[in-house]
Amino acid sequence: MFESWNKTGVPSPELIKTRFPDEEVLIKPKAITECYEEIPCNPCETSCPFDAITVGADINTPPVVDFDTCTGCGICVYNCPGLAIFTVQIKDDALVYKIPYEFVPRPGKGDVMHAVNRAGEIIGDCVIERVTFTEKQDKTALLQVRVPRELLYEFVTVRSKS
Amino acid sequence: MNTYELVIIGGGPAGLSAAKVAAEAGLHSLVIERDYKIGGQLVKQTHMFFGSEKQYAKTRGIDIASILIDDVKRHPDKIEVMTGTTVVGLYPDHVITLLQGEEYKKIKAEAIIIATGASEKFLAFENNDLPGIYGAGAVQTLMNVHGVLPGHDVVMVGSGNIGLIVSYQLMQAGVNVKMVLEAADTIGGYKVHASKLKRLGVDIRTRMSVKKAIGTTELNQIEIAWLDDSWQFIDGTEQRVDVDALCISVGLSPLSSLAAMIGCEMKFVPLLGGNVPIIDEYHETTVKNVFVAGDVCGVEEASSAIVEGYYAGLMVAKRLGHEHPDFAARKADYETQLDNLRSGPFGEKTRLGLLELRGERHV
Ligand SMILES: Cc1cc2nc3c(=O)[nH]c(=O)nc-3n(C[C@H](O)[C@H](O)[C@H](O)COP(=O)(O)OP(=O)(O)OC[C@H]3O[C@@H](n4cnc5c(N)ncnc54)[C@H](O)[C@@H]3O)c2cc1C
Ligand code: SF4
Ligand code: SF4
């Protein structure tokens with residue numbers, strides 16, 4: 001399960017699914033932590049105002065999200081130095097993600113962008129619904145993106161069309 | 001000759017943290033830094049750091065530098081900082097020679113903490129001196145300190161954390177990172193960093209390295225090839241890639257020559273990055289009152305360099321008769337933090353390296 005992750009940094013579909021809850025849980029937004037390796041890191045745990053992420057006493061333990069407590073607020077998303085967290089919600093017939101973004105120019109509300117998968121390939125279009133970039137986010141923007149429903153385990157980031 | 005209680009060589013995270021705790025314990029120190037500003041490697045780091053929040057994880061490196069510098073400034077009566085000054089010699093009786101501009105000076109110290117960090121390893125291949133070939137540190141200085149891009153199409157050699165992070169910073173600056181090459185079978189750094197690059201479309205190729213650089217006055221192309229099990233190039237697998245810059249990030253080795261110069265017993269421990277002084281559990285070398293902290297005694301991370309600095313500062317202060325009011329609690333806390341940082345698979349190298357250094361090589 002870890003083969004491609006270790007060689008290319010692209011997690012396998014089975015590995016990806018280990019961090020997702022059942023789809024019915026995703027009618028509310030939930031944080032997905034794509035952090036599968038034991039590394040000495042825990043800002044996700046310490047930044048969550050609801051104590052929904054646990055790393056524990058040994059900071060090398062990969063994080064675990066308690067989906068009952070997670071509100072999908074997105075605070076952990078911009079606090080993760082690995083940019084390894086996003087939130088996702090299944091809403092109407094689409095997906096709404098909150099993803100971290102550290103490039104300029106930042107997109108604006110309503111922009112249509114490429115939807116991109118974990119291998120860096122373009123897999124469709126998506127629409128920016130909101131961009132937040134406040135002082136306390138420390139230069140990591142949070143993009144709220146509307147993504148086609150079928151891209152649930154595929155979508156990971158956006159790319160400009162120009 | 002001026003005599004100081006404590007002289008700290010190197011104003012990186014380890015040196016600054018040592019000065020802070022020593023000052024809290026009541027000790028006077030002089031921090032000597034060869035660069036024009038203090039902060040060490042941190043001033044080039046624009047990304048959020050790992051570690052636990054105790055060592056400022058999720059804060060950007062450059063902002064951690066500001067925090068540590070502010071800590072030092074809070075003790076103006078206890079800590080003196082001398083920048084633009086290189087320590088060029090360390091002699092018995094703790095005599096230190098400094099080079100300030102064109103001028104040599106001599107000072108003396110009761111105790112010394114060597115916190116000089118590490119330097120980049122380079123890679124041997126044909127034409128590796130062509131303009132356009134840089135170490136990762138030089139690329140960071142160009143971009144993050146001077147705002148200059150090294151090129152438009154770049155290949156990175158080395159997939160350790162530094163190679164991955166600098167590649168990401170290059171992409172952020174608008175440079176096209178064509179690929180990251182890694183000689184080993186798997187990616188060296190944290191996979192979360194590799195995933196950030198993959199998403200951007202960067203090709204990461206394991207078991208590949210650069211064989212030669214091509215160009216007359218500057219770099220135009222590189223030849224890359226596959227490696228076999230013993231890291232030898234496999235004939236016939238060569239490919240050419242157009243680039244205008246090549247960035248080498250194949251590891252760091254401790255800048256430990258000053259320790260050797262003053263007569264510290266040294267040991268070559270590849271797991272710690274190279275030649276390092278033998279230290280006891282208090283970070284003291286085999287020369288009395290000469291301590292070390294940070295990458296100079298084993299290449300690790302800023303998080304551990306900070307804690308080692310605190311620890312060495314605490315120990316030196318005690319040695320010179322200034323026991324910190326919270327000595328026992330601090331000592332235990334720093335030891336726990338270091339153990340915790342080193343307890344995972346990425347800390348294994350340091351754990352085993354330290355055992356080897358202390359002559360307790362185990363299986
Ligand atoms: C690209 C990159 C990314 C990194 N990312 C992370 C991360 O995410 N998390 C993390 O924890 N760590 C990270 N690190 C590692 C971290 O920066 C280093 O481990 C840390 O800076 C080591 O601290 P130090 O004080 O031992 O050495 P340095 O920071 O190297 O400081 C040593 C100082 O000593 C000075 N010096 C050397 N010789 C002399 C001399 N003879 N006289 C006077 N001064 C001298 C140098 O100029 C330097 O300022 C990263 C490093 C790099 C390069
Ligand atoms: S999305 Fe909000 S509630 Fe959920 S884990 Fe992240 S910070 Fe906590
Ligand atoms: S903050 Fe991010 S990289 Fe660090 S442990 Fe949490 S999910 Fe992993």
# chains A, B, ... in the order shown; residues from 1 in each chain; ligands from 1
call {"tool": "residues_around", "arguments": {"residues": "Ile59 in chain A", "least_positions_apart": "3", "cutoff": "7 Å", "atoms": "only C-alpha atoms", "output": "list in words"}}
result
Pro40, Cys41, Asn42, Val55 and Gly56 of chain A; Asn340 of chain B
call {"tool": "interface_residues", "arguments": {"of": "chain A", "to": "chain B", "cutoff": "6 Å", "atoms": "only C-alpha atoms", "output": "PDB file with N, CA, C and O atoms, in the first residue's frame"}}
result
ATOM      1  N   ASN A   6       6.118   5.905  -1.213  1.00  0.00           N
ATOM      2  CA  ASN A   6       7.540   6.028  -0.881  1.00  0.00           C
ATOM      3  C   ASN A   6       8.405   6.386  -2.076  1.00  0.00           C
ATOM      4  O   ASN A   6       9.447   6.994  -1.930  1.00  0.00           O
ATOM      5  N   LYS A   7       7.997   5.980  -3.271  1.00  0.00           N
ATOM      6  CA  LYS A   7       8.823   6.241  -4.443  1.00  0.00           C
ATOM      7  C   LYS A   7       8.487   7.560  -5.133  1.00  0.00           C
ATOM      8  O   LYS A   7       9.353   8.216  -5.683  1.00  0.00           O
ATOM      9  N   THR A   8       7.219   7.917  -5.143  1.00  0.00           N
ATOM     10  CA  THR A   8       6.826   9.103  -5.907  1.00  0.00           C
ATOM     11  C   THR A   8       6.109  10.157  -5.069  1.00  0.00           C
ATOM     12  O   THR A   8       5.898  11.272  -5.527  1.00  0.00           O
ATOM     13  N   GLY A   9       5.697   9.806  -3.863  1.00  0.00           N
ATOM     14  CA  GLY A   9       4.936  10.756  -3.066  1.00  0.00           C
ATOM     15  C   GLY A   9       3.451  10.760  -3.406  1.00  0.00           C
ATOM     16  O   GLY A   9       2.695  11.562  -2.883  1.00  0.00           O
ATOM     17  N   PRO A  40       8.051  13.699  13.107  1.00  0.00           N
ATOM     18  CA  PRO A  40       7.892  14.423  14.371  1.00  0.00           C
ATOM     19  C   PRO A  40       7.157  15.739  14.162  1.00  0.00           C
ATOM     20  O   PRO A  40       7.756  16.760  13.893  1.00  0.00           O
ATOM     21  N   CYS A  41       5.847  15.731  14.280  1.00  0.00           N
ATOM     22  CA  CYS A  41       5.040  16.885  13.907  1.00  0.00           C
ATOM     23  C   CYS A  41       3.681  16.814  14.577  1.00  0.00           C
ATOM     24  O   CYS A  41       3.083  15.743  14.651  1.00  0.00           O
ATOM     25  N   ASN A  42       3.191  17.950  15.073  1.00  0.00           N
ATOM     26  CA  ASN A  42       1.848  17.918  15.665  1.00  0.00           C
ATOM     27  C   ASN A  42       1.021  19.215  15.627  1.00  0.00           C
ATOM     28  O   ASN A  42       0.043  19.326  16.357  1.00  0.00           O
ATOM     29  N   ASN A  60       5.547  11.528  16.856  1.00  0.00           N
ATOM     30  CA  ASN A  60       5.779  10.862  15.573  1.00  0.00           C
ATOM     31  C   ASN A  60       4.543  10.095  15.086  1.00  0.00           C
ATOM     32  O   ASN A  60       4.509   9.621  13.957  1.00  0.00           O
ATOM     33  N   PRO A  81       2.160  22.242   8.372  1.00  0.00           N
ATOM     34  CA  PRO A  81       3.326  22.595   7.572  1.00  0.00           C
ATOM     35  C   PRO A  81       3.528  21.662   6.382  1.00  0.00           C
ATOM     36  O   PRO A  81       4.258  21.999   5.452  1.00  0.00           O
ATOM     37  N   GLY A  82       2.891  20.512   6.397  1.00  0.00           N
ATOM     38  CA  GLY A  82       3.014  19.575   5.282  1.00  0.00           C
ATOM     39  C   GLY A  82       1.965  19.807   4.211  1.00  0.00           C
ATOM     40  O   GLY A  82       1.934  19.101   3.202  1.00  0.00           O
ATOM     41  N   PHE A 103       0.449  30.001  -3.543  1.00  0.00           N
ATOM     42  CA  PHE A 103       1.017  30.595  -4.759  1.00  0.00           C
ATOM     43  C   PHE A 103       0.378  31.947  -5.045  1.00  0.00           C
ATOM     44  O   PHE A 103      -0.747  32.206  -4.618  1.00  0.00           O
ATOM     45  N   ARG A 118      -3.498  13.903  -7.302  1.00  0.00           N
ATOM     46  CA  ARG A 118      -2.276  13.800  -6.490  1.00  0.00           C
ATOM     47  C   ARG A 118      -1.023  13.564  -7.316  1.00  0.00           C
ATOM     48  O   ARG A 118       0.079  13.731  -6.832  1.00  0.00           O
ATOM     49  N   ALA A 119      -1.191  13.170  -8.569  1.00  0.00           N
ATOM     50  CA  ALA A 119      -0.027  12.998  -9.441  1.00  0.00           C
ATOM     51  C   ALA A 119       0.252  14.272 -10.230  1.00  0.00           C
ATOM     52  O   ALA A 119       1.166  14.312 -11.047  1.00  0.00           O
ATOM     53  N   GLY A 120      -0.555  15.307 -10.011  1.00  0.00           N
ATOM     54  CA  GLY A 120      -0.339  16.571 -10.707  1.00  0.00           C
ATOM     55  C   GLY A 120      -1.069  16.643 -12.038  1.00  0.00           C
ATOM     56  O   GLY A 120      -0.832  17.574 -12.815  1.00  0.00           O
TER      57      GLY A 120
END
call {"tool": "residues_around", "arguments": {"residues": "Glu24 in chain A", "least_positions_apart": "2", "cutoff": "12 Å", "atoms": "only C-alpha atoms", "output": "PDB file with C-alpha atoms, in the first residue's frame"}}
result
ATOM      1  CA  PHE A  20     -11.809   9.180   4.683  1.00  0.00           C
ATOM      2  CA  PRO A  21     -14.935   8.498   6.735  1.00  0.00           C
ATOM      3  CA  ASP A  22     -17.995   6.830   5.185  1.00  0.00           C
ATOM      4  CA  LEU A  26     -19.438  13.854   4.604  1.00  0.00           C
ATOM      5  CA  ILE A  27     -22.805  15.598   4.403  1.00  0.00           C
ATOM      6  CA  LYS A  28     -21.024  17.809   6.931  1.00  0.00           C
ATOM      7  CA  PRO A  29     -17.480  19.089   6.159  1.00  0.00           C
ATOM      8  CA  LYS A  30     -14.713  16.995   7.692  1.00  0.00           C
ATOM      9  CA  PHE A  67     -15.177  12.836  12.717  1.00  0.00           C
ATOM     10  CA  GLN A  89     -18.202  18.039   2.204  1.00  0.00           C
ATOM     11  CA  ILE A  90     -20.678  16.399  -0.135  1.00  0.00           C
ATOM     12  CA  LYS A  91     -23.180  19.171  -0.835  1.00  0.00           C
TER      13      LYS A  91
END
call {"tool": "select_by_dssp", "arguments": {"residues": "chain A", "states": "alpha helix (DSSP H)", "output": "list of chain:residue names"}}
result
A:Glu3, A:Ser4, A:Trp5, A:Asn6, A:Lys7, A:Thr8, A:Pro13, A:Glu14, A:Leu15, A:Ile16, A:Lys17, A:Pro43, A:Cys44, A:Glu45, A:Thr46, A:Ser47, A:Ile75, A:Cys76, A:Val77, A:Tyr78, A:Asn79
call {"tool": "residues_around", "arguments": {"residues": "Pro49 in chain A", "least_positions_apart": "3", "cutoff": "9 Å", "atoms": "only C-alpha atoms", "output": "PDB file with all heavy atoms, in the first residue's frame"}}
result
ATOM      1  N   GLU A  45      -2.813  18.851  15.659  1.00  0.00           N
ATOM      2  CA  GLU A  45      -3.428  18.576  16.957  1.00  0.00           C
ATOM      3  C   GLU A  45      -3.540  19.852  17.791  1.00  0.00           C
ATOM      4  O   GLU A  45      -4.596  20.153  18.340  1.00  0.00           O
ATOM      5  CB  GLU A  45      -2.573  17.545  17.709  1.00  0.00           C
ATOM      6  CG  GLU A  45      -3.045  17.276  19.127  1.00  0.00           C
ATOM      7  CD  GLU A  45      -2.222  16.190  19.813  1.00  0.00           C
ATOM      8  OE1 GLU A  45      -0.983  16.242  19.759  1.00  0.00           O
ATOM      9  OE2 GLU A  45      -2.841  15.276  20.396  1.00  0.00           O
ATOM     10  N   THR A  46      -2.452  20.618  17.853  1.00  0.00           N
ATOM     11  CA  THR A  46      -2.463  21.765  18.761  1.00  0.00           C
ATOM     12  C   THR A  46      -3.263  22.941  18.197  1.00  0.00           C
ATOM     13  O   THR A  46      -3.673  23.816  18.942  1.00  0.00           O
ATOM     14  CB  THR A  46      -1.027  22.224  19.083  1.00  0.00           C
ATOM     15  OG1 THR A  46      -0.314  22.401  17.861  1.00  0.00           O
ATOM     16  CG2 THR A  46      -0.292  21.205  19.930  1.00  0.00           C
ATOM     17  N   ALA A  52     -10.282  17.885  17.888  1.00  0.00           N
ATOM     18  CA  ALA A  52     -10.766  16.780  17.054  1.00  0.00           C
ATOM     19  C   ALA A  52      -9.626  15.959  16.429  1.00  0.00           C
ATOM     20  O   ALA A  52      -9.866  14.913  15.850  1.00  0.00           O
ATOM     21  CB  ALA A  52     -11.688  17.321  15.958  1.00  0.00           C
ATOM     22  N   ILE A  75      -9.352  25.257  10.199  1.00  0.00           N
ATOM     23  CA  ILE A  75      -8.210  25.906  10.863  1.00  0.00           C
ATOM     24  C   ILE A  75      -6.948  25.052  10.745  1.00  0.00           C
ATOM     25  O   ILE A  75      -5.852  25.549  10.494  1.00  0.00           O
ATOM     26  CB  ILE A  75      -8.553  26.214  12.338  1.00  0.00           C
ATOM     27  CG1 ILE A  75      -9.571  27.355  12.382  1.00  0.00           C
ATOM     28  CG2 ILE A  75      -7.301  26.570  13.156  1.00  0.00           C
ATOM     29  CD1 ILE A  75     -10.121  27.676  13.746  1.00  0.00           C
ATOM     30  N   CYS A  76      -7.096  23.742  10.900  1.00  0.00           N
ATOM     31  CA  CYS A  76      -5.917  22.870  10.801  1.00  0.00           C
ATOM     32  C   CYS A  76      -5.326  22.904   9.392  1.00  0.00           C
ATOM     33  O   CYS A  76      -4.136  22.673   9.204  1.00  0.00           O
ATOM     34  CB  CYS A  76      -6.275  21.437  11.182  1.00  0.00           C
ATOM     35  SG  CYS A  76      -7.623  20.761  10.199  1.00  0.00           S
TER      36      CYS A  76
END
call {"tool": "atom_distance", "arguments": {"atom1": "CA of Val65 in chain A", "atom2": "atom 5 (S, counted along the ligand's line) of ligand 2"}}
result
6.2 Å
call {"tool": "residues_near_ligand", "arguments": {"ligand": "ligand 2", "cutoff": "12 Å", "atoms": "only C-alpha atoms and all ligand atoms", "output": "ChimeraX atom specification"}}
result
/A:28-33,43-55,63-80,84-89,97-99,142
call {"tool": "write_last_selection", "arguments": {"atoms": "C-alpha atoms", "output": "PDB file, in the first residue's frame"}}
result
ATOM      1  CA  LYS A  28     -21.024  17.809   6.931  1.00  0.00           C
ATOM      2  CA  PRO A  29     -17.480  19.089   6.159  1.00  0.00           C
ATOM      3  CA  LYS A  30     -14.713  16.995   7.692  1.00  0.00           C
ATOM      4  CA  ALA A  31     -10.923  17.234   7.824  1.00  0.00           C
ATOM      5  CA  ILE A  32      -8.951  14.601   5.910  1.00  0.00           C
ATOM      6  CA  THR A  33      -5.302  14.213   6.991  1.00  0.00           C
ATOM      7  CA  PRO A  43       0.531  21.410  14.778  1.00  0.00           C
ATOM      8  CA  CYS A  44      -2.695  19.848  13.462  1.00  0.00           C
ATOM      9  CA  GLU A  45      -3.428  18.576  16.957  1.00  0.00           C
ATOM     10  CA  THR A  46      -2.463  21.765  18.761  1.00  0.00           C
ATOM     11  CA  SER A  47      -4.236  24.102  16.336  1.00  0.00           C
ATOM     12  CA  CYS A  48      -7.657  22.431  16.328  1.00  0.00           C
ATOM     13  CA  PRO A  49      -9.944  24.470  18.598  1.00  0.00           C
ATOM     14  CA  PHE A  50     -12.262  21.483  19.031  1.00  0.00           C
ATOM     15  CA  ASP A  51      -9.626  18.885  19.976  1.00  0.00           C
ATOM     16  CA  ALA A  52     -10.766  16.780  17.054  1.00  0.00           C
ATOM     17  CA  ILE A  53      -7.267  15.704  15.946  1.00  0.00           C
ATOM     18  CA  THR A  54      -5.062  13.450  18.024  1.00  0.00           C
ATOM     19  CA  VAL A  55      -1.367  12.846  17.549  1.00  0.00           C
ATOM     20  CA  PRO A  63      -2.782  12.149  13.239  1.00  0.00           C
ATOM     21  CA  VAL A  64      -6.255  10.685  13.681  1.00  0.00           C
ATOM     22  CA  VAL A  65      -9.407  12.779  13.194  1.00  0.00           C
ATOM     23  CA  ASP A  66     -12.470  12.236  15.328  1.00  0.00           C
ATOM     24  CA  PHE A  67     -15.177  12.836  12.717  1.00  0.00           C
ATOM     25  CA  ASP A  68     -17.854  13.218  15.406  1.00  0.00           C
ATOM     26  CA  THR A  69     -16.116  16.284  16.841  1.00  0.00           C
ATOM     27  CA  CYS A  70     -14.591  17.787  13.691  1.00  0.00           C
ATOM     28  CA  THR A  71     -16.657  20.755  12.515  1.00  0.00           C
ATOM     29  CA  GLY A  72     -14.784  21.139   9.233  1.00  0.00           C
ATOM     30  CA  CYS A  73     -13.788  24.674  10.203  1.00  0.00           C
ATOM     31  CA  GLY A  74     -10.537  24.424   8.244  1.00  0.00           C
ATOM     32  CA  ILE A  75      -8.210  25.906  10.863  1.00  0.00           C
ATOM     33  CA  CYS A  76      -5.917  22.870  10.801  1.00  0.00           C
ATOM     34  CA  VAL A  77      -5.694  23.162   6.992  1.00  0.00           C
ATOM     35  CA  TYR A  78      -3.528  26.266   7.030  1.00  0.00           C
ATOM     36  CA  ASN A  79      -1.666  25.262  10.187  1.00  0.00           C
ATOM     37  CA  CYS A  80      -0.269  22.041   8.739  1.00  0.00           C
ATOM     38  CA  ALA A  84      -1.421  17.561   4.086  1.00  0.00           C
ATOM     39  CA  ILE A  85      -4.929  18.433   5.296  1.00  0.00           C
ATOM     40  CA  PHE A  86      -8.065  19.542   3.482  1.00  0.00           C
ATOM     41  CA  THR A  87     -11.728  19.499   4.406  1.00  0.00           C
ATOM     42  CA  VAL A  88     -14.426  18.078   2.173  1.00  0.00           C
ATOM     43  CA  GLN A  89     -18.202  18.039   2.204  1.00  0.00           C
ATOM     44  CA  TYR A  97     -13.341  21.484  -0.375  1.00  0.00           C
ATOM     45  CA  LYS A  98     -11.214  23.806   1.688  1.00  0.00           C
ATOM     46  CA  ILE A  99      -7.620  23.517   0.564  1.00  0.00           C
ATOM     47  CA  LEU A 142      -7.552  28.884   2.278  1.00  0.00           C
TER      48      LEU A 142
END
call {"tool": "closest_atom_pairs", "arguments": {"of": "chain B", "to": "ligand 1", "cutoff": "7 Å", "atoms": "only C-alpha atoms and all ligand atoms", "output": "Markdown table"}}
result
| residue | atom | partner | partner_atom_place_in_ligand_line | distance |
| --- | --- | --- | --- | --- |
| B:Ile9 | CA | ligand 1 | 43 (C) | 5.4 |
| B:Gly10 | CA | ligand 1 | 34 (O) | 3.2 |
| B:Gly11 | CA | ligand 1 | 33 (C) | 4.8 |
| B:Gly12 | CA | ligand 1 | 31 (O) | 3.4 |
| B:Pro13 | CA | ligand 1 | 25 (O) | 4.0 |
| B:Ala14 | CA | ligand 1 | 25 (O) | 3.7 |
| B:Gly15 | CA | ligand 1 | 25 (O) | 5.6 |
| B:Ile32 | CA | ligand 1 | 43 (C) | 5.3 |
| B:Glu33 | CA | ligand 1 | 44 (N) | 3.8 |
| B:Arg34 | CA | ligand 1 | 44 (N) | 4.0 |
| B:Asp35 | CA | ligand 1 | 47 (O) | 5.1 |
| B:Ile38 | CA | ligand 1 | 49 (O) | 6.0 |
| B:Gly39 | CA | ligand 1 | 49 (O) | 5.9 |
| B:Gly40 | CA | ligand 1 | 49 (O) | 3.3 |
| B:Gln41 | CA | ligand 1 | 29 (O) | 3.8 |
| B:Leu42 | CA | ligand 1 | 17 (O) | 5.1 |
| B:Gln45 | CA | ligand 1 | 3 (C) | 6.1 |
| B:Met48 | CA | ligand 1 | 8 (O) | 6.4 |
| B:Phe49 | CA | ligand 1 | 8 (O) | 3.8 |
| B:Phe50 | CA | ligand 1 | 9 (N) | 4.8 |
| B:Gly51 | CA | ligand 1 | 11 (O) | 6.1 |
| B:Thr85 | CA | ligand 1 | 43 (C) | 5.9 |
| B:Thr86 | CA | ligand 1 | 42 (N) | 3.7 |
| B:Val87 | CA | ligand 1 | 42 (N) | 3.9 |
| B:Val88 | CA | ligand 1 | 41 (N) | 5.7 |
| B:Ala115 | CA | ligand 1 | 26 (O) | 5.5 |
| B:Thr116 | CA | ligand 1 | 34 (O) | 3.7 |
| B:Gly117 | CA | ligand 1 | 27 (O) | 3.3 |
| B:Ala118 | CA | ligand 1 | 30 (O) | 5.4 |
| B:Gly137 | CA | ligand 1 | 53 (C) | 6.0 |
| B:Asn161 | CA | ligand 1 | 3 (C) | 6.5 |
| B:Ile162 | CA | ligand 1 | 1 (C) | 4.0 |
| B:Gly163 | CA | ligand 1 | 1 (C) | 6.9 |
| B:Ile165 | CA | ligand 1 | 1 (C) | 5.8 |
| B:Val166 | CA | ligand 1 | 1 (C) | 5.6 |
| B:Leu255 | CA | ligand 1 | 38 (N) | 6.8 |
| B:Ala293 | CA | ligand 1 | 26 (O) | 6.3 |
| B:Gly294 | CA | ligand 1 | 26 (O) | 3.3 |
| B:Asp295 | CA | ligand 1 | 26 (O) | 3.8 |
| B:Val296 | CA | ligand 1 | 26 (O) | 5.8 |
| B:Val299 | CA | ligand 1 | 19 (O) | 6.4 |
| B:Glu300 | CA | ligand 1 | 19 (O) | 5.0 |
| B:Glu301 | CA | ligand 1 | 19 (O) | 3.4 |
| B:Ala302 | CA | ligand 1 | 11 (O) | 3.6 |
| B:Ser303 | CA | ligand 1 | 11 (O) | 4.1 |
| B:Ser304 | CA | ligand 1 | 11 (O) | 6.7 |
| B:Ala305 | CA | ligand 1 | 23 (O) | 5.0 |
call {"tool": "atom_distance", "arguments": {"atom1": "CA of Ile113 in chain B", "atom2": "CA of Glu323 in chain B"}}
result
16.9 Å
